[in-house]
Amino acid sequence: MPTGYLALVLHAHLPFVRHPEDATVMEERWLFEAVAGTYLPLLQMFEGLIADGVDFRCTVSLSPPLITMLTDDLLKERSAAYLDQLIDLAEHEIERTRPEPHYQRLAEMYRDRFASLRHTWRCHDGDLVRAFRALQDRGVLEVITATATHAFFPLLDRNWVALRAQVHTAADLYEEHFGRRTRGMWLGECGFVPGVDELLREAAVRYFFVDTHGVLFADRRPVHGVYAPIYCPSGVAAFARDVESSQQVWSAREGYPGDPHYRDFYRDIGFDLPMEYIAPYVHPEGHRLYTGIKYHAITHAQLHDKWVYDPALARERAGQHAEHFRLGRQRQVAALAGSMDRPPMIVSPYDAELYGHWWFEGPVFLGDLFRQLHHDQGDLETITPGDYLERHPTNQVATPCPSSWGHQGYNTYWLNESNAWVYRHLHRAGERMVELARRHRDPDTLGARALAQAARELLLAQSSDWTFIMRTGTTVPYATRRIEEHVLRFNRLCDEIEAGAVDEAWLAEIEARDNIFPDVDYRLYAS
């Protein structure tokens, strides 16, 4: 038996952004950039480990909006075009940088990298969800899902029926795509309030994650701290984040991604080069955007001029950081093992988009870490939460405290002067949805479609991404518009349902635009 377990959890989520009416909406690029920067590189890394015979286990959470976007034909077509555009830009950069060999070598690296990513995309026919399912079927990944639209439960708990719909809608969508019930569920922003576990139990979900203090401040003291899960009274397990391992990777200031030799995310040719040259690769209206081609390293803060990025040196640093992380976890479990009746479990959850998109060398770091864990030691075993519960089915019973993994650990990031106005609309819409579903239990076909679309609009309005964006100050007009549009559509649908005069043409238009949750069951709100 190993001395301890390491559970790496990659939470992949993006808000649902799909604009068939306008291919120039900048926010759609969030998906394309994540496909090229994170999801394809992670797939290449996982598949490379399999090809080399490396035993590993990893947990990946794919949120329902992300699953929907990755399987949408329109967005897949646009993603493929984005990959083609990256290759075209890199080819132009090879020509432009011909007088500067140190830059040209990087342009050639990008050309080869983008071509490799496109090859992986084509090998999977652009269906990345199916690719992750195949990895789960191979036994190397445990793929779970998140609440339907990443709603922040602690601020919506006045309407438990609406929270229940978030859980069941997500679990049903996952089962449709993966052919099995999800074993775990990621709560949006790790936002937990007591009672949510009962909703998970009802949906046959076995575990979820909370931040460290969620378990440490449970209603009874956890005997093993955060190094073993606790069972809620419902029987659903709560796994807590380990602070030490998270900080080493998360923090750009104290963690690995801030190393001066790594690639600088923010120094991009989309902002450096003349607009007349870069215009075909940014927004048609002349807005500068990140292109994915970056020639500079982070460099020391006190140096005014950025170093030219050195891929070989950055590659070496990724291996060294993987070793540092591995040795730190080995020391950690060695110190804990003597005081526990089972191997301690270190749970290290991260936003998946950190790896590759924000931290260019992140997938290399992960690949090296898994290889070192396989070849260079025997103390740590990679494991998933589902694996742990099968091996250690007996655990302490306690209820985690209300918490999140946001700033200051509770609700301040999603409820402040920038976004507080949203909640009165969400609460009223949730109440109205329950009233409608209970009043219209046997609608005609058109009425059932309208009720289902009302449920979709409510779910989309409840996305925590919009209030998060309002707090960070990025693309606030878009986030505000999305909240307003979903609430306005919801209210119009309710009015038309109550009047028995649903505008079928308009309904068909918004069904086609926001086509998430095609099988949503509005009757969930009547329960």
# chains A, B, ... in the order shown; residues from 1 in each chain; ligands from 1

call {"tool": "residues_around", "arguments": {"residues": "Asp73 of chain A", "least_positions_apart": "2", "cutoff": "12 Å", "atoms": "only C-alpha atoms", "output": "PDB file with N, CA and C atoms, in the first residue's frame"}}
result
ATOM      1  N   ARG A  18     -22.632  31.292 -27.508  1.00  0.00           N
ATOM      2  CA  ARG A  18     -22.869  30.795 -28.877  1.00  0.00           C
ATOM      3  C   ARG A  18     -23.692  31.833 -29.610  1.00  0.00           C
ATOM      4  N   PRO A  20     -24.861  32.253 -33.300  1.00  0.00           N
ATOM      5  CA  PRO A  20     -24.970  31.900 -34.725  1.00  0.00           C
ATOM      6  C   PRO A  20     -25.238  33.105 -35.606  1.00  0.00           C
ATOM      7  N   THR A  68     -21.670  21.056 -24.000  1.00  0.00           N
ATOM      8  CA  THR A  68     -22.585  21.456 -25.065  1.00  0.00           C
ATOM      9  C   THR A  68     -21.833  22.182 -26.177  1.00  0.00           C
ATOM     10  N   MET A  69     -20.949  23.100 -25.818  1.00  0.00           N
ATOM     11  CA  MET A  69     -20.221  23.862 -26.832  1.00  0.00           C
ATOM     12  C   MET A  69     -19.238  22.976 -27.598  1.00  0.00           C
ATOM     13  N   LEU A  70     -18.603  22.038 -26.909  1.00  0.00           N
ATOM     14  CA  LEU A  70     -17.644  21.169 -27.581  1.00  0.00           C
ATOM     15  C   LEU A  70     -18.304  20.175 -28.527  1.00  0.00           C
ATOM     16  N   THR A  71     -19.600  19.960 -28.375  1.00  0.00           N
ATOM     17  CA  THR A  71     -20.313  19.026 -29.251  1.00  0.00           C
ATOM     18  C   THR A  71     -21.245  19.742 -30.232  1.00  0.00           C
ATOM     19  N   LEU A  75     -20.017  25.527 -33.436  1.00  0.00           N
ATOM     20  CA  LEU A  75     -18.821  25.920 -32.700  1.00  0.00           C
ATOM     21  C   LEU A  75     -17.639  25.024 -33.044  1.00  0.00           C
ATOM     22  N   LYS A  76     -17.903  23.776 -33.371  1.00  0.00           N
ATOM     23  CA  LYS A  76     -16.811  22.909 -33.830  1.00  0.00           C
ATOM     24  C   LYS A  76     -16.260  23.423 -35.162  1.00  0.00           C
ATOM     25  N   GLU A  77     -17.138  23.841 -36.052  1.00  0.00           N
ATOM     26  CA  GLU A  77     -16.693  24.388 -37.337  1.00  0.00           C
ATOM     27  C   GLU A  77     -15.859  25.644 -37.127  1.00  0.00           C
ATOM     28  N   ARG A  78     -16.302  26.506 -36.214  1.00  0.00           N
ATOM     29  CA  ARG A  78     -15.559  27.738 -35.952  1.00  0.00           C
ATOM     30  C   ARG A  78     -14.247  27.454 -35.219  1.00  0.00           C
ATOM     31  N   SER A  79     -14.234  26.438 -34.375  1.00  0.00           N
ATOM     32  CA  SER A  79     -12.984  26.045 -33.709  1.00  0.00           C
ATOM     33  C   SER A  79     -11.961  25.560 -34.723  1.00  0.00           C
ATOM     34  N   ALA A  80     -12.410  24.755 -35.672  1.00  0.00           N
ATOM     35  CA  ALA A  80     -11.510  24.264 -36.717  1.00  0.00           C
ATOM     36  C   ALA A  80     -10.957  25.426 -37.539  1.00  0.00           C
ATOM     37  N   ASP A 125     -11.994  13.807 -34.972  1.00  0.00           N
ATOM     38  CA  ASP A 125     -13.118  14.382 -35.727  1.00  0.00           C
ATOM     39  C   ASP A 125     -13.707  15.601 -35.032  1.00  0.00           C
ATOM     40  N   GLY A 126     -12.867  16.313 -34.300  1.00  0.00           N
ATOM     41  CA  GLY A 126     -13.331  17.514 -33.622  1.00  0.00           C
ATOM     42  C   GLY A 126     -14.232  17.250 -32.430  1.00  0.00           C
ATOM     43  N   ASP A 127     -14.386  16.006 -32.026  1.00  0.00           N
ATOM     44  CA  ASP A 127     -15.279  15.665 -30.907  1.00  0.00           C
ATOM     45  C   ASP A 127     -14.427  15.407 -29.667  1.00  0.00           C
ATOM     46  N   ASN A 515     -29.180  26.742 -27.673  1.00  0.00           N
ATOM     47  CA  ASN A 515     -29.637  25.358 -27.840  1.00  0.00           C
ATOM     48  C   ASN A 515     -29.085  24.423 -26.772  1.00  0.00           C
TER      49      ASN A 515
END

call {"tool": "atom_distance", "arguments": {"atom1": "atom CA of Tyr231 of chain A", "atom2": "atom CA of Ala398 of chain A"}}
result
6.1 Å

call {"tool": "closest_residue", "arguments": {"among": "A:Met275, A:Val25, A:Ile346, A:Val249", "to": "His321 of chain A", "atoms": "only C-alpha atoms"}}
result
A:Val249

call {"tool": "atom_distance", "arguments": {"atom1": "atom CA of Ala204 of chain A", "atom2": "atom CA of Tyr350 of chain A"}}
result
24.4 Å

call {"tool": "closest_residue", "arguments": {"among": "A:Glu254, A:Asp55, A:Asp268, A:Glu91", "to": "His296 of chain A", "atoms": "only C-alpha atoms"}}
result
A:Asp268

call {"tool": "closest_residue", "arguments": {"among": "A:Thr474, A:Gln302, A:Ser251, A:Thr3", "to": "Gln377 of chain A", "atoms": "only C-alpha atoms"}}
result
A:Thr3

call {"tool": "residues_around", "arguments": {"residues": "segment 371-373 of chain A", "least_positions_apart": "2", "cutoff": "10 Å", "atoms": "only C-alpha atoms", "output": "short mmCIF file (atom, residue, chain, number, x, y, z; two decimals) with N, CA and C atoms, in the first residue's frame"}}
result
data_model
loop_
_atom_site.label_atom_id
_atom_site.label_comp_id
_atom_site.auth_asym_id
_atom_site.auth_seq_id
_atom_site.Cartn_x
_atom_site.Cartn_y
_atom_site.Cartn_z
N LEU A 6 -2.49 11.01 -4.15
CA LEU A 6 -2.57 12.34 -4.75
C LEU A 6 -3.71 12.35 -5.75
N LEU A 49 1.06 9.76 -22.41
CA LEU A 49 1.33 8.92 -21.24
C LEU A 49 0.88 7.49 -21.49
N ASP A 52 3.23 5.64 -23.76
CA ASP A 52 4.51 5.31 -23.12
C ASP A 52 4.34 4.35 -21.94
N GLY A 53 3.14 3.85 -21.71
CA GLY A 53 2.92 2.87 -20.66
C GLY A 53 2.99 3.42 -19.25
N VAL A 54 2.67 4.71 -19.09
CA VAL A 54 2.70 5.33 -17.76
C VAL A 54 1.35 5.13 -17.09
N ASP A 55 1.35 4.52 -15.91
CA ASP A 55 0.12 4.36 -15.14
C ASP A 55 -0.19 5.67 -14.42
N PHE A 56 -1.41 6.15 -14.56
CA PHE A 56 -1.80 7.38 -13.86
C PHE A 56 -3.32 7.41 -13.75
N GLY A 319 10.21 20.51 -15.84
CA GLY A 319 10.62 19.25 -15.23
C GLY A 319 11.11 19.43 -13.81
N ALA A 322 8.11 20.05 -11.62
CA ALA A 322 7.39 18.80 -11.38
C ALA A 322 8.08 18.00 -10.29
N GLU A 323 9.41 17.97 -10.33
CA GLU A 323 10.16 17.26 -9.30
C GLU A 323 9.96 17.91 -7.93
N ARG A 326 6.52 17.02 -6.71
CA ARG A 326 6.46 15.61 -6.29
C ARG A 326 7.13 15.39 -4.95
N LEU A 327 8.34 15.93 -4.78
CA LEU A 327 9.05 15.75 -3.51
C LEU A 327 8.30 16.39 -2.36
N GLN A 330 5.55 14.05 -1.41
CA GLN A 330 6.07 12.88 -0.72
C GLN A 330 6.39 13.21 0.74
N PHE A 365 4.40 20.29 -17.45
CA PHE A 365 4.57 20.07 -16.01
C PHE A 365 3.76 18.85 -15.55
N LEU A 366 2.50 18.79 -15.97
CA LEU A 366 1.65 17.65 -15.57
C LEU A 366 2.19 16.34 -16.12
N GLY A 367 2.56 16.34 -17.39
CA GLY A 367 3.09 15.12 -17.98
C GLY A 367 4.34 14.64 -17.27
N ASP A 368 5.26 15.57 -16.96
CA ASP A 368 6.47 15.19 -16.23
C ASP A 368 6.14 14.70 -14.83
N LEU A 369 5.16 15.33 -14.18
CA LEU A 369 4.77 14.90 -12.84
C LEU A 369 4.26 13.47 -12.86
N HIS A 375 7.71 6.47 -12.40
CA HIS A 375 9.04 5.86 -12.52
C HIS A 375 9.95 6.07 -11.31
N ASP A 376 9.79 7.19 -10.60
CA ASP A 376 10.83 7.62 -9.67
C ASP A 376 10.49 7.46 -8.19
N GLN A 377 9.38 6.90 -7.83
CA GLN A 377 9.02 6.80 -6.42
C GLN A 377 7.92 5.75 -6.24
N GLY A 378 7.68 5.38 -4.99
CA GLY A 378 6.63 4.42 -4.68
C GLY A 378 5.77 4.85 -3.50
N ASP A 379 5.96 6.09 -3.05
CA ASP A 379 5.23 6.57 -1.88
C ASP A 379 3.84 7.09 -2.23
N LEU A 380 3.74 7.76 -3.37
CA LEU A 380 2.50 8.42 -3.76
C LEU A 380 1.83 7.66 -4.89
N GLU A 381 0.53 7.49 -4.77
CA GLU A 381 -0.26 6.88 -5.85
C GLU A 381 -1.29 7.89 -6.31
N THR A 382 -1.37 8.08 -7.62
CA THR A 382 -2.42 8.95 -8.14
C THR A 382 -3.75 8.21 -8.07
#
